[in-house]
Amino acid sequence: MDPDTKKCKESKPHSSNSNGSKCSHLKFPDEALEKVLSFIDSHKDRNTVSLVCKEWYNAERWTRSNLFIGNCYSVSPEIVSRRFPRIKSVRIKGKPRFSDFNMLPRDWGANVHAWLVMFAEVYPFLEELRLKRMTVNDESLELLAKSFTGFKALSLLSCDGFTDDGLKFVATHCRNLTELDIQDSVAVDVGGDWLTCFPENFSSLEILNFASLNSEVNFESLEKLVNRCKNTLRVLKVNESITLDQLQRLLVHAPNLVELGTGSFMQELTPRQYEDVGSAFSNCGKLRVLSGLWDATDLHFSVLYGACARLTFLNFSEAVLQSGELAKLLAHCPNLRRLWVIDTVQDKGLEAVGSSCPLLEELRVFPLDPYDLDHQHGVTEQGLLAVSLGCPKLHYLLYFCRRMTNAAVIAAVKNCPNFTHFRLCIMNPGQPDHLTKSPMDAAFAAVVKTCPKLRRLSVSGLLTDKTFESIGEYAKNLETLSVAFAGSSDKAMVCVLRGCPKLRKLEIRDCPFGNAALLSGVEKYEMMRSLWMSACDVTMKGCRMLAREMPRLNVEVIEDEGSDDGAKAGKVYVYRTVAGPRRDAPPFVLTL
Amino acid sequence: MEKGSAVFENRDLNLKATELRLGLPGTDEDSGNQSSSSSQVKSNKRSSSEMDGSELQQSGAPVSKAQVVGWPPVRSYRKNILEKKKSESDGSGFVKVSMDGAPYLRKIDLKLYKNYLDLLKALENMFKCTIGTYSEREGYNGSECAPTYEDKDGDWMLVGDVPWEMFITSCKRLRIMKGSEAKGLACCL
């Protein structure tokens, strides 16, 4: 469909709509309304605009150029193409989040191909495609590369299904490519040669991220590519196969980088070579974000010092550091806003965070060995307290630990009342307060009471229904809640469903919630994106009842233990949809 | 059989290290809590058979928790960081053994030995030294040599402190300390 086709062919101007309508803005020419609406970017605002009246609905749909689909199964390609004729940029999310943790069988779905077939037909001027947790096969990448001449940006976050053959199509055919980002995607590698496929005169790249690719890449091609794109390249994230001296050569060609993901630091260099690397870092005056850093230790840190003072985001989540090493580096990074580390830095390392990074807004602490019960290692409640004392602006926390106390959490949120994201993972399921041995209810009650802006919460530890009563009572802005091994009865889930008006995503595993809890949300689920319940006490009967009551929900049971009413529903995924039951559901997914 | 009982006694004492713990090893307060946390878990999980008997584990390896699918919620690729560290010790069970003063190192396969008794005997034969008897309090006090090992966290530990199963998965290399250094180590304990 030619986007320039004036829409007056399709819908008559307001004169036909004006009959009997009370709206005074009818005199407003469509073109003017469209011009005004074209300034609105947020899809939420646009959704609201489209509800005002038919005229606004039409004006909005003609002017929407960015499409956001939060659940690929909530709508179909046909419905989308009928409604929005002029889309330039698409963002789609596929699998439920628990698929990141191997809780979804392979071949569950969320394959992008059907969408691409539709896009190729209806949106030939498509420029951007951003996918999260979707399966993308090589044939889809080929279709993409060959269908959209003006294509610019491809971002595959946590996707799978493609090989480097697929990437070769993109590199070869997308002449106007500005972005290629495959962060956290799993690509089965046949080789790393796709980099050689960029044409000789190709020079428009702004973002290149292949940090999670497992194979070696052709360094000469990479170097030439970076050199050709030196004026435009602002984000470069290479994978572990790139060595320090190779990195130095790349940096020399790309002094305008804003974000850099390094390769491995494990290399014996001469002092002169270290100096060169250090100069290269110093010369990157715009560098703000640093990641990668595999095998970096304090022996290497001096090369980074030239850039540290300007850094706002330091991602050490691939570097195994001890507390002293982290402290040494952080002393040079007073402007950090975001920091990701592995828990080998321990509480002492987090004390250094508290004292060196007063502007910190986000902290993520990942476990080195999630399955190790050895209590000697990792971070504890002390680390959390130390960070909260030193970083009053902290609003995003992801914290994996083996020990926590109510008192520390209560104090932490008192120090940092602006939390928007509070994700605490006490790794031993159902573990109580380390000091008092009581449940962790008081901790999470404090979080929801003290932090009115809270949008995302993950709870853990020994929790009774009291936690969920508090959540229902206080967490009025909560949008996403993750619950595992918690609660005592259905009441907990009921409180949350009844009490949190903005709840959009609820994921629950291994909790004693049954059919009564599930059905209490019957009126709520259509206002949410999705519900996940696994290893709970819900049975097939409860799922069937829900499906019967709410035809616009898909109630999917994965891996049921039998289909009679009394059988437990092992994994249940419930989501609102206007597209009806999935047409591509594999045999192990039962839509009720 | 003195050595044998010393090792067995050692294992008994160290059962605690393999239980679900809430405090640092060596603290006493948590012995009552393990049952409450595991029973809580039992009531929530249908597949509780994995949890059964975890209090009574004799094998020494903390196995049960690792079998809960998708928990803790870390992405699969993150496991690779740890596996890389682990595989740096060869993965096959072979570890290097050095002895102070010896001109070259040896390599042994830990998987070939059944317990500490076996291992220490083999080391004594290989290096022609006496390692003596392990005791929790005094290490290898009185012997000419003390066997130590580097664990996966990079720390140097005395051989015999942890249960055998835990030892063979965490040992990266061995070093037999001689003479005064060895005595010093024993005195510290």
# chains A, B, ... in the order shown; residues from 1 in each chain; ligands from 1
call {"tool": "closest_atom_pairs", "arguments": {"of": "chain A", "to": "chain B", "cutoff": "9 Å", "atoms": "only C-alpha atoms", "output": "CSV"}}
result
residue,atom,partner,partner_atom,distance
A:Phe98,CA,B:Gly70,CA,7.8
A:Ser99,CA,B:Gly70,CA,8.7
A:Asp100,CA,B:Arg75,CA,5.5
A:Phe101,CA,B:Gly70,CA,4.6
A:Asn102,CA,B:Gly70,CA,5.8
A:Met103,CA,B:Gly70,CA,6.0
A:Asp184,CA,B:Tyr77,CA,8.2
A:Val186,CA,B:Tyr77,CA,8.9
A:Ser212,CA,B:Tyr77,CA,8.7
A:Ser317,CA,B:Arg78,CA,9.0
A:Glu318,CA,B:Ile81,CA,6.9
A:Ala319,CA,B:Ile81,CA,8.5
A:Val320,CA,B:Ile81,CA,8.5
A:Thr344,CA,B:Asp153,CA,8.9
A:Phe366,CA,B:Val74,CA,8.1
A:Pro367,CA,B:Val74,CA,8.3
A:Leu368,CA,B:Leu82,CA,6.2
A:Asp369,CA,B:Leu82,CA,6.3
A:Pro370,CA,B:Pro72,CA,6.3
A:Tyr371,CA,B:Ala66,CA,5.2
A:Asp372,CA,B:Pro62,CA,7.7
A:Leu373,CA,B:Pro62,CA,6.7
A:Asp374,CA,B:Ala17,CA,7.5
A:His375,CA,B:Leu24,CA,5.9
A:Gln376,CA,B:Leu24,CA,6.3
A:Phe400,CA,B:Pro72,CA,8.6
A:Arg402,CA,B:Leu22,CA,7.8
A:Arg403,CA,B:Leu22,CA,6.9
A:Cys425,CA,B:Pro72,CA,7.7
A:Ile426,CA,B:Pro72,CA,8.6
A:Met427,CA,B:Pro72,CA,5.8
A:Asn428,CA,B:Lys65,CA,8.0
A:Pro429,CA,B:Val41,CA,6.6
A:Gly430,CA,B:Ser37,CA,5.8
A:Gln431,CA,B:Ser37,CA,5.7
A:Pro432,CA,B:Ser37,CA,7.3
A:Asp433,CA,B:Leu22,CA,8.9
A:His434,CA,B:Leu22,CA,6.2
A:Leu435,CA,B:Gly23,CA,8.8
A:Lys437,CA,B:Asn33,CA,7.5
A:Leu462,CA,B:Ser37,CA,7.7
A:Phe485,CA,B:Asn44,CA,6.2
A:Ala486,CA,B:Asn44,CA,7.6
A:Gly487,CA,B:Asn44,CA,8.7
A:Ser488,CA,B:Asn44,CA,8.4
A:Asp510,CA,B:Lys45,CA,5.6
A:Cys511,CA,B:Asn44,CA,5.5
A:Pro512,CA,B:Asn44,CA,5.7
A:Ala535,CA,B:Lys45,CA,6.9
A:Cys536,CA,B:Lys45,CA,7.7
A:Asp537,CA,B:Arg46,CA,8.8
call {"tool": "select_by_dssp", "arguments": {"residues": "stretch 377-446 of chain A", "states": "helix (DSSP H, G or I)", "output": "ChimeraX atom specification"}}
result
/A:381-390,406-415,441-446
call {"tool": "atom_distance", "arguments": {"atom1": "atom CA of B:Ser135", "atom2": "atom CA of B:Val162"}}
result
12.0 Å
call {"tool": "select_by_dssp", "arguments": {"residues": "stretch 217-413 of chain A", "states": "strand (DSSP E or B)", "output": "MDAnalysis selection string"}}
result
chainID A and resid 235:237 259:261 264 289:291 294 313:315 338:342 362:366 396:401
call {"tool": "write_last_selection", "arguments": {"atoms": "C-alpha atoms", "output": "JSON list (two decimals), in the first residue's frame"}}
result
[["chain", "number", "residue", "atom", "x", "y", "z"],
["A", 235, "VAL", "CA", 27.58, 2.02, 19.83],
["A", 236, "LEU", "CA", 29.99, -0.89, 19.39],
["A", 237, "LYS", "CA", 29.74, -4.07, 21.45],
["A", 259, "GLU", "CA", 28.78, 2.94, 24.24],
["A", 260, "LEU", "CA", 31.49, 0.31, 24.13],
["A", 261, "GLY", "CA", 31.38, -3.40, 24.84],
["A", 264, "SER", "CA", 38.31, -10.26, 26.58],
["A", 289, "VAL", "CA", 28.71, 3.22, 28.76],
["A", 290, "LEU", "CA", 31.14, 0.35, 29.20],
["A", 291, "SER", "CA", 30.41, -3.38, 29.19],
["A", 294, "TRP", "CA", 35.54, -10.45, 30.31],
["A", 313, "PHE", "CA", 26.85, 3.04, 33.06],
["A", 314, "LEU", "CA", 29.35, 0.34, 33.96],
["A", 315, "ASN", "CA", 28.34, -3.23, 33.22],
["A", 338, "ARG", "CA", 24.01, 2.48, 36.61],
["A", 339, "LEU", "CA", 26.19, -0.38, 37.81],
["A", 340, "TRP", "CA", 25.92, -4.12, 37.17],
["A", 341, "VAL", "CA", 28.25, -6.48, 39.06],
["A", 342, "ILE", "CA", 28.70, -10.12, 40.02],
["A", 362, "GLU", "CA", 20.45, 1.53, 39.33],
["A", 363, "LEU", "CA", 22.27, -1.46, 40.82],
["A", 364, "ARG", "CA", 22.14, -5.07, 39.64],
["A", 365, "VAL", "CA", 24.04, -7.78, 41.51],
["A", 366, "PHE", "CA", 24.16, -11.15, 39.75],
["A", 396, "TYR", "CA", 16.24, 0.34, 40.41],
["A", 397, "LEU", "CA", 17.47, -2.72, 42.26],
["A", 398, "LEU", "CA", 18.08, -6.30, 41.17],
["A", 399, "TYR", "CA", 19.74, -8.17, 44.02],
["A", 400, "PHE", "CA", 20.58, -11.86, 44.24],
["A", 401, "CYS", "CA", 21.61, -12.91, 47.73]]
call {"tool": "residues_around", "arguments": {"residues": "A:Thr312", "least_positions_apart": "5", "cutoff": "6 Å", "atoms": "only C-alpha atoms", "output": "ChimeraX atom specification"}}
result
/A:288,335-337
call {"tool": "write_last_selection", "arguments": {"atoms": "N, CA, C and O atoms", "output": "PDB file, in the first residue's frame"}}
result
ATOM      1  N   ARG A 288      30.308   6.845  27.455  1.00  0.00           N
ATOM      2  CA  ARG A 288      29.529   6.917  28.691  1.00  0.00           C
ATOM      3  C   ARG A 288      29.170   5.551  29.239  1.00  0.00           C
ATOM      4  O   ARG A 288      28.835   5.418  30.402  1.00  0.00           O
ATOM      5  N   ASN A 335      30.659   9.509  38.528  1.00  0.00           N
ATOM      6  CA  ASN A 335      29.443   9.911  37.824  1.00  0.00           C
ATOM      7  C   ASN A 335      28.539   8.761  37.435  1.00  0.00           C
ATOM      8  O   ASN A 335      27.598   8.940  36.665  1.00  0.00           O
ATOM      9  N   LEU A 336      28.811   7.593  38.006  1.00  0.00           N
ATOM     10  CA  LEU A 336      28.005   6.436  37.628  1.00  0.00           C
ATOM     11  C   LEU A 336      26.542   6.603  38.011  1.00  0.00           C
ATOM     12  O   LEU A 336      26.222   6.980  39.133  1.00  0.00           O
ATOM     13  N   ARG A 337      25.686   6.259  37.061  1.00  0.00           N
ATOM     14  CA  ARG A 337      24.254   6.206  37.348  1.00  0.00           C
ATOM     15  C   ARG A 337      23.790   4.757  37.438  1.00  0.00           C
ATOM     16  O   ARG A 337      22.843   4.453  38.141  1.00  0.00           O
TER      17      ARG A 337
END
call {"tool": "closest_residue", "arguments": {"among": "A:Ala327, A:Cys229, A:Ser74, A:Ile182", "to": "A:Phe210", "atoms": "only C-alpha atoms"}}
result
A:Ile182
call {"tool": "residues_around", "arguments": {"residues": "stretch 545-560 of chain A", "least_positions_apart": "6", "cutoff": "9 Å", "atoms": "only C-alpha atoms", "output": "compact mmCIF listing (two decimals) with all heavy atoms, in the first residue's frame"}}
result
# COMPACT_ATOMS: atom_id res chain seq x y z
N SER A 74 -1.53 -11.36 21.10
CA SER A 74 -2.71 -10.61 21.50
C SER A 74 -3.45 -10.04 20.30
O SER A 74 -4.58 -9.59 20.41
CB SER A 74 -2.32 -9.47 22.43
OG SER A 74 -1.48 -8.56 21.74
N LEU A 104 9.95 -22.86 29.43
CA LEU A 104 9.06 -23.05 28.32
C LEU A 104 9.70 -24.09 27.41
O LEU A 104 10.89 -23.99 27.10
CB LEU A 104 8.94 -21.73 27.56
CG LEU A 104 7.61 -21.29 27.02
CD1 LEU A 104 6.56 -21.31 28.10
CD2 LEU A 104 7.73 -19.89 26.47
N PRO A 105 8.95 -25.08 26.96
CA PRO A 105 9.56 -26.08 26.06
C PRO A 105 10.00 -25.42 24.76
O PRO A 105 9.50 -24.35 24.39
CB PRO A 105 8.42 -27.06 25.80
CG PRO A 105 7.39 -26.79 26.84
CD PRO A 105 7.54 -25.36 27.24
N LEU A 518 -7.32 -18.20 41.01
CA LEU A 518 -7.30 -17.96 39.57
C LEU A 518 -8.59 -17.26 39.13
O LEU A 518 -8.58 -16.28 38.39
CB LEU A 518 -7.14 -19.27 38.82
CG LEU A 518 -7.20 -19.19 37.29
CD1 LEU A 518 -5.98 -18.47 36.74
CD2 LEU A 518 -7.30 -20.58 36.67
N LEU A 519 -9.71 -17.78 39.60
CA LEU A 519 -10.99 -17.26 39.14
C LEU A 519 -11.34 -15.92 39.76
O LEU A 519 -12.18 -15.20 39.23
CB LEU A 519 -12.09 -18.30 39.41
CG LEU A 519 -11.91 -19.55 38.56
CD1 LEU A 519 -12.80 -20.69 39.04
CD2 LEU A 519 -12.23 -19.24 37.09
N VAL A 522 -11.10 -13.01 37.31
CA VAL A 522 -11.83 -13.15 36.05
C VAL A 522 -12.07 -11.81 35.35
O VAL A 522 -11.97 -11.70 34.14
CB VAL A 522 -13.13 -13.93 36.34
CG1 VAL A 522 -14.36 -13.14 36.01
CG2 VAL A 522 -13.12 -15.26 35.69
N GLU A 523 -12.36 -10.79 36.12
CA GLU A 523 -12.63 -9.50 35.48
C GLU A 523 -11.37 -8.69 35.27
O GLU A 523 -11.40 -7.66 34.62
CB GLU A 523 -13.60 -8.70 36.34
CG GLU A 523 -15.03 -9.16 36.17
CD GLU A 523 -15.91 -8.74 37.33
OE1 GLU A 523 -15.52 -7.78 38.04
OE2 GLU A 523 -16.96 -9.36 37.53
N TYR A 525 -8.23 -9.95 34.17
CA TYR A 525 -7.23 -10.39 33.21
C TYR A 525 -7.32 -9.66 31.88
O TYR A 525 -6.35 -9.51 31.17
CB TYR A 525 -7.29 -11.90 33.01
CG TYR A 525 -7.07 -12.69 34.28
CD1 TYR A 525 -7.89 -13.75 34.63
CD2 TYR A 525 -6.02 -12.38 35.13
CE1 TYR A 525 -7.69 -14.47 35.80
CE2 TYR A 525 -5.81 -13.08 36.31
CZ TYR A 525 -6.65 -14.12 36.64
OH TYR A 525 -6.45 -14.82 37.79
N GLU A 526 -8.51 -9.19 31.52
CA GLU A 526 -8.62 -8.47 30.26
C GLU A 526 -7.98 -7.10 30.33
O GLU A 526 -7.72 -6.47 29.32
CB GLU A 526 -10.10 -8.31 29.86
CG GLU A 526 -10.53 -9.31 28.84
CD GLU A 526 -11.90 -9.02 28.27
OE1 GLU A 526 -12.35 -7.87 28.39
OE2 GLU A 526 -12.50 -9.94 27.70
N ALA A 567 -7.12 -32.91 37.09
CA ALA A 567 -5.67 -32.92 36.86
C ALA A 567 -5.09 -31.54 37.07
O ALA A 567 -5.68 -30.53 36.70
CB ALA A 567 -5.39 -33.40 35.44
N LYS A 568 -3.91 -31.50 37.63
CA LYS A 568 -3.26 -30.22 37.86
C LYS A 568 -2.83 -29.63 36.52
O LYS A 568 -2.38 -30.33 35.62
CB LYS A 568 -2.00 -30.41 38.73
CG LYS A 568 -2.30 -30.65 40.19
CD LYS A 568 -2.11 -29.38 41.01
CE LYS A 568 -2.67 -29.53 42.41
NZ LYS A 568 -1.77 -30.33 43.28
N ALA A 569 -2.97 -28.33 36.42
CA ALA A 569 -2.50 -27.64 35.23
C ALA A 569 -1.08 -27.17 35.53
O ALA A 569 -0.87 -26.23 36.28
CB ALA A 569 -3.40 -26.45 34.93
N GLY A 570 -0.10 -27.85 34.92
CA GLY A 570 1.30 -27.61 35.28
C GLY A 570 1.76 -26.19 35.02
O GLY A 570 2.34 -25.54 35.88
N LYS A 571 1.51 -25.70 33.82
CA LYS A 571 1.91 -24.34 33.48
C LYS A 571 0.75 -23.69 32.76
O LYS A 571 0.27 -24.21 31.76
CB LYS A 571 3.13 -24.35 32.55
CG LYS A 571 4.38 -24.85 33.23
CD LYS A 571 5.57 -24.90 32.29
CE LYS A 571 6.75 -25.49 33.06
NZ LYS A 571 7.87 -25.85 32.22
N VAL A 572 0.31 -22.57 33.28
CA VAL A 572 -0.83 -21.88 32.70
C VAL A 572 -0.42 -20.49 32.26
O VAL A 572 0.22 -19.75 33.01
CB VAL A 572 -1.97 -21.75 33.74
CG1 VAL A 572 -3.19 -21.12 33.10
CG2 VAL A 572 -2.31 -23.09 34.34
N TYR A 573 -0.79 -20.15 31.03
CA TYR A 573 -0.46 -18.83 30.50
C TYR A 573 -1.76 -18.22 30.00
O TYR A 573 -2.41 -18.76 29.10
CB TYR A 573 0.56 -18.97 29.38
CG TYR A 573 1.08 -17.68 28.80
CD1 TYR A 573 1.43 -16.60 29.60
CD2 TYR A 573 1.25 -17.53 27.42
CE1 TYR A 573 1.92 -15.43 29.06
CE2 TYR A 573 1.75 -16.36 26.87
CZ TYR A 573 2.08 -15.31 27.69
OH TYR A 573 2.57 -14.15 27.15
N VAL A 574 -2.16 -17.12 30.61
CA VAL A 574 -3.44 -16.49 30.29
C VAL A 574 -3.17 -15.10 29.76
O VAL A 574 -2.43 -14.33 30.38
CB VAL A 574 -4.31 -16.37 31.57
CG1 VAL A 574 -5.63 -15.69 31.23
CG2 VAL A 574 -4.55 -17.74 32.19
N TYR A 575 -3.75 -14.75 28.64
CA TYR A 575 -3.52 -13.41 28.11
C TYR A 575 -4.71 -12.96 27.29
O TYR A 575 -5.43 -13.77 26.71
CB TYR A 575 -2.25 -13.35 27.26
CG TYR A 575 -2.21 -14.32 26.11
CD1 TYR A 575 -2.68 -13.97 24.85
CD2 TYR A 575 -1.69 -15.61 26.28
CE1 TYR A 575 -2.66 -14.88 23.79
CE2 TYR A 575 -1.65 -16.51 25.23
CZ TYR A 575 -2.13 -16.14 23.99
OH TYR A 575 -2.10 -17.03 22.95
N ARG A 576 -4.89 -11.65 27.26
CA ARG A 576 -6.00 -11.11 26.49
C ARG A 576 -5.59 -11.08 25.02
O ARG A 576 -4.42 -10.91 24.67
CB ARG A 576 -6.34 -9.70 26.94
CG ARG A 576 -5.24 -8.71 26.67
CD ARG A 576 -5.64 -7.34 27.14
NE ARG A 576 -4.52 -6.41 26.96
CZ ARG A 576 -4.49 -5.20 27.45
NH1 ARG A 576 -5.50 -4.77 28.18
NH2 ARG A 576 -3.45 -4.42 27.25
N THR A 577 -6.61 -11.25 24.17
CA THR A 577 -6.31 -11.27 22.75
C THR A 577 -7.55 -10.92 21.95
O THR A 577 -8.67 -11.22 22.35
CB THR A 577 -5.79 -12.65 22.31
OG1 THR A 577 -5.52 -12.62 20.91
CG2 THR A 577 -6.80 -13.74 22.58
N VAL A 578 -7.34 -10.29 20.81
CA VAL A 578 -8.43 -10.08 19.88
C VAL A 578 -8.28 -11.01 18.68
O VAL A 578 -9.02 -10.92 17.71
CB VAL A 578 -8.51 -8.61 19.41
CG1 VAL A 578 -8.87 -7.72 20.58
CG2 VAL A 578 -7.22 -8.16 18.76
N ALA A 579 -7.30 -11.87 18.76
CA ALA A 579 -6.99 -12.73 17.62
C ALA A 579 -7.50 -14.15 17.78
O ALA A 579 -7.26 -14.99 16.93
CB ALA A 579 -5.48 -12.75 17.39
N GLY A 580 -8.17 -14.43 18.87
CA GLY A 580 -8.66 -15.78 19.06
C GLY A 580 -7.55 -16.74 19.44
O GLY A 580 -6.42 -16.32 19.67
N PRO A 581 -7.87 -18.03 19.49
CA PRO A 581 -6.85 -19.01 19.89
C PRO A 581 -5.70 -19.03 18.88
O PRO A 581 -5.88 -18.74 17.70
CB PRO A 581 -7.59 -20.35 19.86
CG PRO A 581 -9.01 -20.06 19.59
CD PRO A 581 -9.14 -18.64 19.15
N ARG A 582 -4.54 -19.40 19.36
CA ARG A 582 -3.36 -19.46 18.50
C ARG A 582 -3.58 -20.47 17.39
O ARG A 582 -4.04 -21.58 17.64
CB ARG A 582 -2.15 -19.92 19.32
CG ARG A 582 -1.49 -18.86 20.12
CD ARG A 582 -0.37 -19.45 20.95
NE ARG A 582 0.67 -20.06 20.11
CZ ARG A 582 1.77 -20.62 20.59
NH1 ARG A 582 1.97 -20.67 21.90
NH2 ARG A 582 2.66 -21.15 19.79
N PHE A 588 1.84 -29.56 22.53
CA PHE A 588 1.85 -29.58 23.98
C PHE A 588 1.21 -28.34 24.59
O PHE A 588 1.18 -28.18 25.81
CB PHE A 588 3.29 -29.74 24.51
CG PHE A 588 4.27 -28.73 23.95
CD1 PHE A 588 4.35 -27.45 24.46
CD2 PHE A 588 5.11 -29.10 22.90
CE1 PHE A 588 5.25 -26.53 23.94
CE2 PHE A 588 6.01 -28.18 22.38
CZ PHE A 588 6.08 -26.90 22.90
N VAL A 589 0.74 -27.43 23.76
CA VAL A 589 0.02 -26.27 24.28
C VAL A 589 -1.45 -26.46 24.02
O VAL A 589 -1.89 -26.58 22.88
CB VAL A 589 0.49 -24.96 23.61
CG1 VAL A 589 -0.39 -23.79 24.06
CG2 VAL A 589 1.94 -24.68 23.94
N LEU A 590 -2.21 -26.48 25.11
CA LEU A 590 -3.64 -26.72 24.99
C LEU A 590 -4.37 -25.42 25.24
O LEU A 590 -4.24 -24.84 26.31
CB LEU A 590 -4.03 -27.74 26.05
CG LEU A 590 -5.39 -28.38 25.98
CD1 LEU A 590 -5.53 -29.18 24.70
CD2 LEU A 590 -5.57 -29.30 27.19
N THR A 591 -5.09 -24.93 24.24
CA THR A 591 -5.90 -23.73 24.46
C THR A 591 -7.29 -24.17 24.84
O THR A 591 -7.95 -24.88 24.09
CB THR A 591 -5.96 -22.86 23.19
OG1 THR A 591 -4.65 -22.61 22.74
CG2 THR A 591 -6.66 -21.55 23.49
N LEU A 592 -7.73 -23.71 26.01
CA LEU A 592 -9.03 -24.18 26.49
C LEU A 592 -10.17 -23.33 25.96
O LEU A 592 -9.98 -22.15 25.68
CB LEU A 592 -9.03 -24.18 28.02
CG LEU A 592 -7.97 -25.12 28.61
CD1 LEU A 592 -7.90 -24.98 30.11
CD2 LEU A 592 -8.29 -26.57 28.23
call {"tool": "atom_distance", "arguments": {"atom1": "atom CA of A:Ser221", "atom2": "atom CA of A:Gln246"}}
result
12.1 Å
call {"tool": "atom_distance", "arguments": {"atom1": "atom CA of A:Gly499", "atom2": "atom CA of A:Leu481"}}
result
12.6 Å
call {"tool": "residues_around", "arguments": {"residues": "stretch 410-412 of chain A", "least_positions_apart": "3", "cutoff": "7 Å", "atoms": "only C-alpha atoms", "output": "ChimeraX atom specification"}}
result
/A:384-385,388,406-407,415-416,443,446
call {"tool": "residues_around", "arguments": {"residues": "B:Phe127", "least_positions_apart": "5", "cutoff": "9 Å", "atoms": "only C-alpha atoms", "output": "PyMOL selection string"}}
result
chain B and resi 99+102+122
